[in-house]
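Asker: To be precise about what I am sending: the file is called structure-v6.pdb and holds PDB, C-alpha atoms.
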```pdb
ATOM      1  CA  MET V 461      34.504  24.482 105.987
ATOM      2  CA  GLN V 462      30.950  24.153 104.613
ATOM      3  CA  MET V 463      30.780  24.937 100.912
ATOM      4  CA  HIS V 464      27.682  26.412  99.262
ATOM      5  CA  PRO V 465      27.354  25.979  95.478
ATOM      6  CA  ASN V 466      27.352  29.177  93.436
ATOM      7  CA  LYS V 467      27.792  30.259  89.818
ATOM      8  CA  ASP V 468      31.535  29.598  90.038
ATOM      9  CA  THR V 469      31.241  26.084  91.487
ATOM     10  CA  GLN V 470      33.009  23.501  89.317
ATOM     11  CA  LEU V 471      30.994  20.337  88.755
ATOM     12  CA  CYS V 472      32.522  16.855  88.596
ATOM     13  CA  MET V 473      30.578  13.682  87.960
ATOM     14  CA  SER V 474      30.646   9.951  87.424
ATOM     15  CA  LEU V 475      29.027   7.951  84.637
ATOM     16  CA  SER V 476      28.088   4.345  85.314
ATOM     17  CA  ALA V 477      25.476   1.733  84.503
ATOM     18  CA  ARG V 478      24.965   1.280  88.264
ATOM     19  CA  PRO V 479      25.793   4.518  90.080
ATOM     20  CA  GLY V 480      26.963   4.216  93.672
ATOM     21  CA  ASN V 481      27.533   6.715  96.457
ATOM     22  CA  PHE V 482      31.226   6.086  97.211
ATOM     23  CA  GLY V 483      32.678   8.562  94.705
ATOM     24  CA  LEU V 484      30.063  11.195  95.490
ATOM     25  CA  ARG V 485      30.733  11.031  99.230
ATOM     26  CA  PHE V 486      34.515  10.719  98.833
ATOM     27  CA  HIS V 487      34.951  13.717  96.538
ATOM     28  CA  ASN V 488      32.428  16.002  98.229
ATOM     29  CA  HIS V 489      33.917  15.251 101.661
ATOM     30  CA  LEU V 490      37.377  16.282 100.453
ATOM     31  CA  TYR V 491      36.043  19.381  98.674
ATOM     32  CA  GLU V 492      34.496  20.485 101.951
ATOM     33  CA  GLN V 493      37.513  19.622 104.097
ATOM     34  CA  LEU V 494      39.928  21.409 101.754
ATOM     35  CA  GLY V 495      37.663  24.391 101.074
ATOM     36  CA  LEU V 496      37.414  23.775  97.322
ATOM     37  CA  ASN V 497      34.521  25.215  95.320
ATOM     38  CA  PHE V 498      33.589  21.917  93.631
ATOM     39  CA  TYR V 499      30.566  19.627  93.682
ATOM     40  CA  TYR V 500      30.338  15.963  92.613
ATOM     41  CA  LYS V 501      27.262  14.083  91.340
ATOM     42  CA  ALA V 502      26.761  10.514  90.112
ATOM     43  CA  PHE V 503      24.844   9.901  86.860
ATOM     44  CA  SER V 504      23.719   7.046  84.634
ATOM     45  CA  SER V 505      22.810   7.324  80.963
ATOM     46  CA  GLN V 506      21.829   5.222  77.978
ATOM     47  CA  ASP V 507      23.152   7.962  75.670
ATOM     48  CA  LEU V 508      26.934   7.944  75.954
ATOM     49  CA  PRO V 509      27.657  10.416  73.114
ATOM     50  CA  GLY V 510      25.070  12.784  74.587
ATOM     51  CA  ALA V 511      26.561  12.477  78.063
ATOM     52  CA  ILE V 512      30.119  13.140  76.878
ATOM     53  CA  GLY V 513      28.886  16.020  74.737
ATOM     54  CA  GLY V 514      27.194  17.439  77.827
ATOM     55  CA  ILE V 515      30.475  17.347  79.746
ATOM     56  CA  ARG V 516      32.099  19.420  77.019
ATOM     57  CA  ALA V 517      29.178  21.808  76.442
ATOM     58  CA  LEU V 518      28.420  22.498  80.108
ATOM     59  CA  GLY V 519      32.000  22.872  81.258
ATOM     60  CA  ILE V 520      31.887  19.926  83.663
ATOM     61  CA  ARG V 521      35.441  19.688  84.993
ATOM     62  CA  GLY V 522      35.859  15.952  85.417
ATOM     63  CA  CYS V 523      34.067  12.654  84.942
ATOM     64  CA  GLY V 524      34.759   9.226  86.368
ATOM     65  CA  VAL V 525      33.758   6.511  83.876
ATOM     66  CA  SER V 526      32.743   3.001  84.945
ATOM     67  CA  MET V 527      31.440  -0.157  83.282
ATOM     68  CA  PRO V 528      30.243  -0.481  80.561
ATOM     69  CA  PHE V 529      31.558   2.777  79.075
ATOM     70  CA  LYS V 530      35.342   2.526  79.564
ATOM     71  CA  GLU V 531      36.155   1.522  75.994
ATOM     72  CA  ALA V 532      33.291   3.099  74.053
ATOM     73  CA  ALA V 533      34.063   6.561  75.469
ATOM     74  CA  ILE V 534      37.560   6.611  73.931
ATOM     75  CA  ALA V 535      36.262   7.680  70.513
ATOM     76  CA  LEU V 536      34.419  10.624  72.102
ATOM     77  CA  VAL V 537      37.370  12.459  73.726
ATOM     78  CA  ASP V 538      40.084  14.677  72.281
ATOM     79  CA  GLU V 539      43.297  13.358  73.825
ATOM     80  CA  LEU V 540      44.495  10.148  75.462
ATOM     81  CA  ASP V 541      47.007   9.969  78.265
ATOM     82  CA  ASP V 542      49.666   7.247  77.948
ATOM     83  CA  SER V 543      47.785   5.205  80.565
ATOM     84  CA  VAL V 544      44.796   4.985  78.190
ATOM     85  CA  GLN V 545      46.782   4.393  75.002
ATOM     86  CA  ALA V 546      48.581   1.447  76.571
ATOM     87  CA  ILE V 547      45.393  -0.211  77.786
ATOM     88  CA  ASP V 548      42.756   1.035  75.317
ATOM     89  CA  SER V 549      40.452   1.760  78.254
ATOM     90  CA  LEU V 550      39.686   4.945  80.160
ATOM     91  CA  ASN V 551      38.112   5.657  83.532
ATOM     92  CA  THR V 552      38.650   9.417  83.887
ATOM     93  CA  ILE V 553      37.925  12.425  81.682
ATOM     94  CA  VAL V 554      39.318  15.880  82.491
ATOM     95  CA  ASN V 555      37.779  18.886  80.746
ATOM     96  CA  THR V 556      40.020  21.914  80.248
ATOM     97  CA  ASP V 557      38.155  24.670  78.388
ATOM     98  CA  GLY V 558      36.255  22.153  76.262
ATOM     99  CA  HIS V 559      39.278  19.918  75.579
ATOM    100  CA  LEU V 560      38.607  16.422  76.928
ATOM    101  CA  LYS V 561      41.626  14.355  77.971
ATOM    102  CA  ALA V 562      41.233  10.763  79.153
ATOM    103  CA  TYR V 563      43.238   8.930  81.808
ATOM    104  CA  ASN V 564      43.160   5.512  83.477
ATOM    105  CA  THR V 565      43.629   5.699  87.249
ATOM    106  CA  ASP V 566      42.507   2.064  87.645
ATOM    107  CA  TYR V 567      45.933   1.003  86.376
ATOM    108  CA  ILE V 568      47.635   3.173  89.026
ATOM    109  CA  ALA V 569      45.452   1.688  91.760
ATOM    110  CA  ILE V 570      46.196  -1.920  90.793
ATOM    111  CA  GLU V 571      49.921  -1.204  90.562
ATOM    112  CA  GLN V 572      49.926   0.320  94.062
ATOM    113  CA  LEU V 573      47.857  -2.490  95.613
ATOM    114  CA  LEU V 574      50.065  -5.303  94.302
ATOM    115  CA  LYS V 575      53.029  -3.552  95.934
ATOM    116  CA  LYS V 576      51.155  -2.729  99.145
ATOM    117  CA  HIS V 577      50.085  -6.351  99.655
ATOM    118  CA  ALA V 578      53.503  -7.677  98.594
ATOM    119  CA  VAL V 579      52.062 -10.309  96.253
ATOM    120  CA  PRO V 580      55.052 -12.442  95.125
ATOM    121  CA  LYS V 581      55.906 -11.810  91.495
ATOM    122  CA  ASP V 582      56.290 -15.509  90.813
ATOM    123  CA  SER V 583      52.691 -16.193  91.847
ATOM    124  CA  THR V 584      50.574 -17.999  89.300
ATOM    125  CA  PHE V 585      47.276 -16.205  88.752
ATOM    126  CA  ALA V 586      43.928 -16.445  87.022
ATOM    127  CA  LEU V 587      42.139 -13.260  86.030
ATOM    128  CA  ARG V 588      38.443 -13.616  85.226
ATOM    129  CA  GLY V 589      37.180 -10.974  82.801
ATOM    130  CA  SER V 590      37.986  -9.385  79.449
ATOM    131  CA  GLY V 591      36.549  -5.848  79.513
ATOM    132  CA  GLY V 592      38.111  -2.456  80.088
ATOM    133  CA  MET V 593      38.886  -2.973  83.758
ATOM    134  CA  ALA V 594      40.346  -6.406  82.994
ATOM    135  CA  LYS V 595      42.728  -4.731  80.541
ATOM    136  CA  ALA V 596      43.872  -2.314  83.242
ATOM    137  CA  VAL V 597      44.413  -5.078  85.807
ATOM    138  CA  ALA V 598      46.142  -7.445  83.393
ATOM    139  CA  SER V 599      48.401  -4.665  82.106
ATOM    140  CA  ALA V 600      49.404  -3.713  85.643
ATOM    141  CA  LEU V 601      50.185  -7.381  86.351
ATOM    142  CA  ARG V 602      52.306  -7.711  83.219
ATOM    143  CA  ASP V 603      54.161  -4.463  83.853
ATOM    144  CA  GLY V 604      54.665  -5.485  87.483
ATOM    145  CA  GLY V 605      56.489  -8.658  86.443
ATOM    146  CA  TYR V 606      53.710 -11.230  86.950
ATOM    147  CA  ALA V 607      54.413 -13.491  83.981
ATOM    148  CA  ASN V 608      52.636 -16.740  84.857
ATOM    149  CA  GLY V 609      48.942 -16.051  84.370
ATOM    150  CA  VAL V 610      45.826 -17.099  82.525
ATOM    151  CA  ILE V 611      42.870 -15.007  81.363
ATOM    152  CA  VAL V 612      39.570 -16.744  82.096
ATOM    153  CA  ALA V 613      36.796 -15.307  79.941
ATOM    154  CA  ARG V 614      33.520 -16.632  78.568
ATOM    155  CA  ASN V 615      33.852 -14.214  75.650
ATOM    156  CA  ALA V 616      36.376 -16.139  73.592
ATOM    157  CA  THR V 617      37.201 -13.327  71.164
ATOM    158  CA  ALA V 618      37.801 -10.678  73.834
ATOM    159  CA  GLY V 619      39.534 -13.139  76.165
ATOM    160  CA  GLN V 620      41.915 -14.458  73.527
ATOM    161  CA  THR V 621      42.728 -10.943  72.315
ATOM    162  CA  LEU V 622      43.506  -9.721  75.823
ATOM    163  CA  ALA V 623      45.645 -12.780  76.588
ATOM    164  CA  ARG V 624      47.535 -12.589  73.296
ATOM    165  CA  ASN V 625      48.236  -8.871  73.593
ATOM    166  CA  LEU V 626      49.688  -9.249  77.084
ATOM    167  CA  GLY V 627      51.462 -12.574  76.687
ATOM    168  CA  TYR V 628      49.126 -14.732  78.764
ATOM    169  CA  GLU V 629      47.126 -17.883  78.120
ATOM    170  CA  TRP V 630      43.325 -17.947  77.746
ATOM    171  CA  GLN V 631      40.702 -20.412  78.947
ATOM    172  CA  ALA V 632      36.906 -20.172  78.839
ATOM    173  CA  GLU V 633      36.689 -21.573  82.385
ATOM    174  CA  LEU V 634      39.170 -22.130  85.201
ATOM    175  CA  ALA V 635      38.574 -25.900  85.057
ATOM    176  CA  GLY V 636      41.293 -27.753  86.980
ATOM    177  CA  LEU V 637      43.724 -24.860  87.374
ATOM    178  CA  ARG V 638      44.610 -23.946  90.968
ATOM    179  CA  PRO V 639      46.636 -20.705  90.782
ATOM    180  CA  ARG V 640      48.087 -18.908  93.819
ATOM    181  CA  MET V 641      46.154 -15.690  93.079
ATOM    182  CA  LEU V 642      42.560 -15.362  91.886
ATOM    183  CA  ILE V 643      41.354 -12.049  90.457
ATOM    184  CA  ASN V 644      37.725 -11.318  89.605
ATOM    185  CA  VAL V 645      37.192  -8.477  87.137
ATOM    186  CA  THR V 646      33.596  -9.295  86.169
ATOM    187  CA  PRO V 647      30.217  -8.227  87.663
ATOM    188  CA  ILE V 648      29.901 -11.624  89.384
ATOM    189  CA  GLY V 649      29.082 -10.923  93.037
ATOM    190  CA  MET V 650      27.976  -7.321  92.392
ATOM    191  CA  THR V 651      24.933  -6.064  94.269
ATOM    192  CA  GLY V 652      21.901  -5.810  91.997
ATOM    193  CA  GLY V 653      23.366  -8.012  89.285
ATOM    194  CA  PRO V 654      22.040 -11.383  88.091
ATOM    195  CA  GLU V 655      24.949 -13.197  89.779
ATOM    196  CA  ALA V 656      25.037 -11.171  93.016
ATOM    197  CA  GLN V 657      25.209 -14.278  95.207
ATOM    198  CA  ALA V 658      27.634 -16.230  93.022
ATOM    199  CA  LEU V 659      31.308 -16.997  93.528
ATOM    200  CA  ALA V 660      33.506 -15.831  90.661
ATOM    201  CA  PHE V 661      35.659 -18.955  91.152
ATOM    202  CA  ASP V 662      34.857 -22.410  92.507
ATOM    203  CA  ALA V 663      35.134 -22.742  96.281
ATOM    204  CA  ASP V 664      37.912 -25.325  96.042
ATOM    205  CA  ALA V 665      39.945 -22.969  93.827
ATOM    206  CA  VAL V 666      39.568 -20.232  96.466
ATOM    207  CA  ASP V 667      40.652 -22.684  99.165
ATOM    208  CA  ALA V 668      43.795 -23.557  97.172
ATOM    209  CA  ALA V 669      44.825 -19.928  96.541
ATOM    210  CA  ASP V 670      47.013 -17.620  98.642
ATOM    211  CA  THR V 671      45.522 -14.292  97.517
ATOM    212  CA  VAL V 672      41.968 -13.442  96.500
ATOM    213  CA  PHE V 673      41.419 -10.149  94.687
ATOM    214  CA  ASP V 674      37.918  -8.936  93.770
ATOM    215  CA  VAL V 675      37.600  -5.668  91.853
ATOM    216  CA  VAL V 676      33.849  -5.515  92.602
ATOM    217  CA  ALA V 677      33.298  -2.796  95.222
ATOM    218  CA  ILE V 678      29.535  -3.046  95.831
ATOM    219  CA  PRO V 679      29.158  -4.780  98.207
ATOM    220  CA  ALA V 680      32.465  -4.180 100.004
ATOM    221  CA  GLU V 681      32.436  -7.847 101.029
ATOM    222  CA  THR V 682      31.544  -9.888  97.947
ATOM    223  CA  PRO V 683      30.879 -13.645  98.121
ATOM    224  CA  LEU V 684      34.434 -14.185  96.826
ATOM    225  CA  ILE V 685      36.002 -11.937  99.462
ATOM    226  CA  LEU V 686      33.880 -13.502 102.225
ATOM    227  CA  ARG V 687      35.013 -16.984 101.190
ATOM    228  CA  GLY V 688      38.638 -15.864 100.999
ATOM    229  CA  ARG V 689      38.511 -14.307 104.468
ATOM    230  CA  ALA V 690      36.830 -17.390 105.916
ATOM    231  CA  GLU V 691      39.662 -19.549 104.581
ATOM    232  CA  GLY V 692      42.396 -17.226 105.892
ATOM    233  CA  LYS V 693      43.539 -15.948 102.503
ATOM    234  CA  GLN V 694      45.094 -12.553 101.830
ATOM    235  CA  VAL V 695      42.313 -10.482 100.297
ATOM    236  CA  ILE V 696      42.427  -7.355  98.147
ATOM    237  CA  THR V 697      39.052  -5.683  97.823
ATOM    238  CA  GLY V 698      37.327  -3.555  95.249
ATOM    239  CA  LEU V 699      36.933  -0.899  97.913
ATOM    240  CA  GLU V 700      40.716  -0.493  97.984
ATOM    241  CA  VAL V 701      40.738  -0.127  94.206
ATOM    242  CA  ILE V 702      38.041   2.527  94.017
ATOM    243  CA  ALA V 703      39.561   4.479  96.922
ATOM    244  CA  ILE V 704      42.990   4.822  95.269
ATOM    245  CA  GLN V 705      41.634   5.482  91.790
ATOM    246  CA  ALA V 706      39.244   8.093  93.240
ATOM    247  CA  LEU V 707      42.162   9.803  94.990
ATOM    248  CA  GLU V 708      44.085  10.025  91.708
ATOM    249  CA  GLN V 709      40.975  11.382  89.972
ATOM    250  CA  PHE V 710      40.598  14.003  92.708
ATOM    251  CA  VAL V 711      44.159  15.184  92.068
ATOM    252  CA  LEU V 712      43.554  15.391  88.297
ATOM    253  CA  TYR V 713      40.351  17.414  88.782
ATOM    254  CA  THR V 714      41.574  19.838  91.445
ATOM    255  CA  GLY V 715      45.382  19.913  91.266
ATOM    256  CA  VAL V 716      45.412  19.266  95.034
ATOM    257  CA  ARG V 717      46.734  16.063  96.707
ATOM    258  CA  PRO V 718      45.196  15.364 100.116
ATOM    259  CA  THR V 719      47.399  14.137 102.959
ATOM    260  CA  PRO V 720      47.291  10.405 103.805
ATOM    261  CA  GLU V 721      45.210  11.254 106.878
ATOM    262  CA  GLN V 722      42.725  13.283 104.819
ATOM    263  CA  PHE V 723      42.519  10.414 102.327
ATOM    264  CA  GLU V 724      41.805   7.822 105.031
ATOM    265  CA  LYS V 725      39.115  10.033 106.594
ATOM    266  CA  ALA V 726      37.482  10.515 103.196
ATOM    267  CA  VAL V 727      37.417   6.742 102.591
ATOM    268  CA  ALA V 728      35.878   6.153 106.025
ATOM    269  CA  PHE V 729      33.264   8.841 105.378
ATOM    270  CA  ALA V 730      32.460   7.425 101.937
ATOM    271  CA  ARG V 731      31.946   3.934 103.390
ATOM    272  CA  ALA V 732      29.716   5.039 106.274
TER     273      ALA V 732
END
```
Once you've parsed the file, please lay out its structure as structure tokens.

Answerer:
Amino acid sequence: MQMHPNKDTQLCMSLSARPGNFGLRFHNHLYEQLGLNFYYKAFSSQDLPGAIGGIRALGIRGCGVSMPFKEAAIALVDELDDSVQAIDSLNTIVNTDGHLKAYNTDYIAIEQLLKKHAVPKDSTFALRGSGGMAKAVASALRDGGYANGVIVARNATAGQTLARNLGYEWQAELAGLRPRMLINVTPIGMTGGPEAQALAFDADAVDAADTVFDVVAIPAETPLILRGRAEGKQVITGLEVIAIQALEQFVLYTGVRPTPEQFEKAVAFARA
């Protein structure tokens, strides 16, 4: 069913330093397929308080929040879901009559993917990163029973705080560690970034691992994922993360849960 925007159309959006097309295509495809009077648009802004104020003032129904706004936006909303309070990081804002409530669907996505890929709970791991998404991933690991991990972060203050709060060790660099699972939660390998061609971990560390997990979704095949595939490792991609978290956002915005088939078709459309 082709939808045509009108005065009653509900607008949803995303807010990111580097807007992409995945969320826009994913959400709008499902709105059309399910006959919902919604429209989704991606935005970037240097004025976070102004952007959040605009969501409230204009009655924008929902907003997906990406790096680098996931922590700073917390002070600008009215209510925090448990998923945000536990992690101190949001990725979703739902506007109900001017009341802004924040959620974190990244956590849900990570939790589901660790189960889907059957990563052994006794796996040693190294997680590179210390920002909002790193908090979500590390929290999902801790709550999932993955106890033997290290946070690798160049930012010593943020890295040590994250590690201490979740019961992990911290190191500035991976150095000689060779864990069974490597997880990149930094912009290393991201298209358009200063380290777009770089590996988040040394090649020999990738070769020694069993599972390689890169949260970066643009490109779908990062240098880390390409290396992992080439060496026959189990890989978990950023595309899988953004697909599941986008699905959970869609449900929060619309109150409708697509079927698994509708979800898979929306992911395929968004990737094309």

Asker: For the file shown, report as a PyMOL selection string the outcome of the PyMOL selection byres ((chain V and resi 732) around 12) at residue level.

Answerer: chain V and resi 481-482+485-486+489+680+725-731

Asker: Point out the residue among V:Gly522, V:Pro479, V:Pro528, V:Pro679 with the least atom-to-atom distance to Tyr499 in chain V, counting only C-alpha atoms.

Answerer: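 Going through V:Gly522, V:Pro479, V:Pro528, V:Pro679 one by one, the smallest distance to Tyr499 in chain V is for V:Gly522.
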
Asker: Rounded to one decimal place, report the CA of Ser504 in chain V-CA of Ile553 in chain V distance in Å.

Answerer: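 Answer for the CA of Ser504 in chain V to CA of Ile553 in chain V separation: 15.5 Å.
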
Asker: For CA of Phe529 in chain V and CA of Ile702 in chain V, determine how far apart the two atoms are, in Å to one decimal place.

Answerer: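 CA of Ile702 in chain V lies 16.3 Å from CA of Phe529 in chain V.
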
Asker: Measuring atom to atom with all atoms listed in the file, identify which of V:Ile678, V:Gln709, V:Lys576, V:Val666 is nearest to Gly692 in chain V.

Answerer: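 Once distances to Gly692 in chain V are computed over all atoms listed in the file, the minimum belongs to V:Val666.
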
Asker: Edge lengths and centre, in Å to one decimal, as AutoDock Vina command-line options: that's what I need for the box along x, y and z that holds all listed atoms of range 512-530 of chain V plus 3 Å on each side.

Answerer:
```
--center_x 31.5 --center_y 11.2 --center_z 80.6 --size_x 14.7 --size_y 29.4 --size_z 17.6
```

Asker: Can you work out which one of V:Lys581, V:Met473, V:Tyr628, V:Leu574 has the shortest atom-to-atom distance to Thr697 in chain V, counting all atoms listed in the file?

Answerer: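 Ranking V:Lys581, V:Met473, V:Tyr628, V:Leu574 by distance to Thr697 in chain V, first place goes to V:Leu574.
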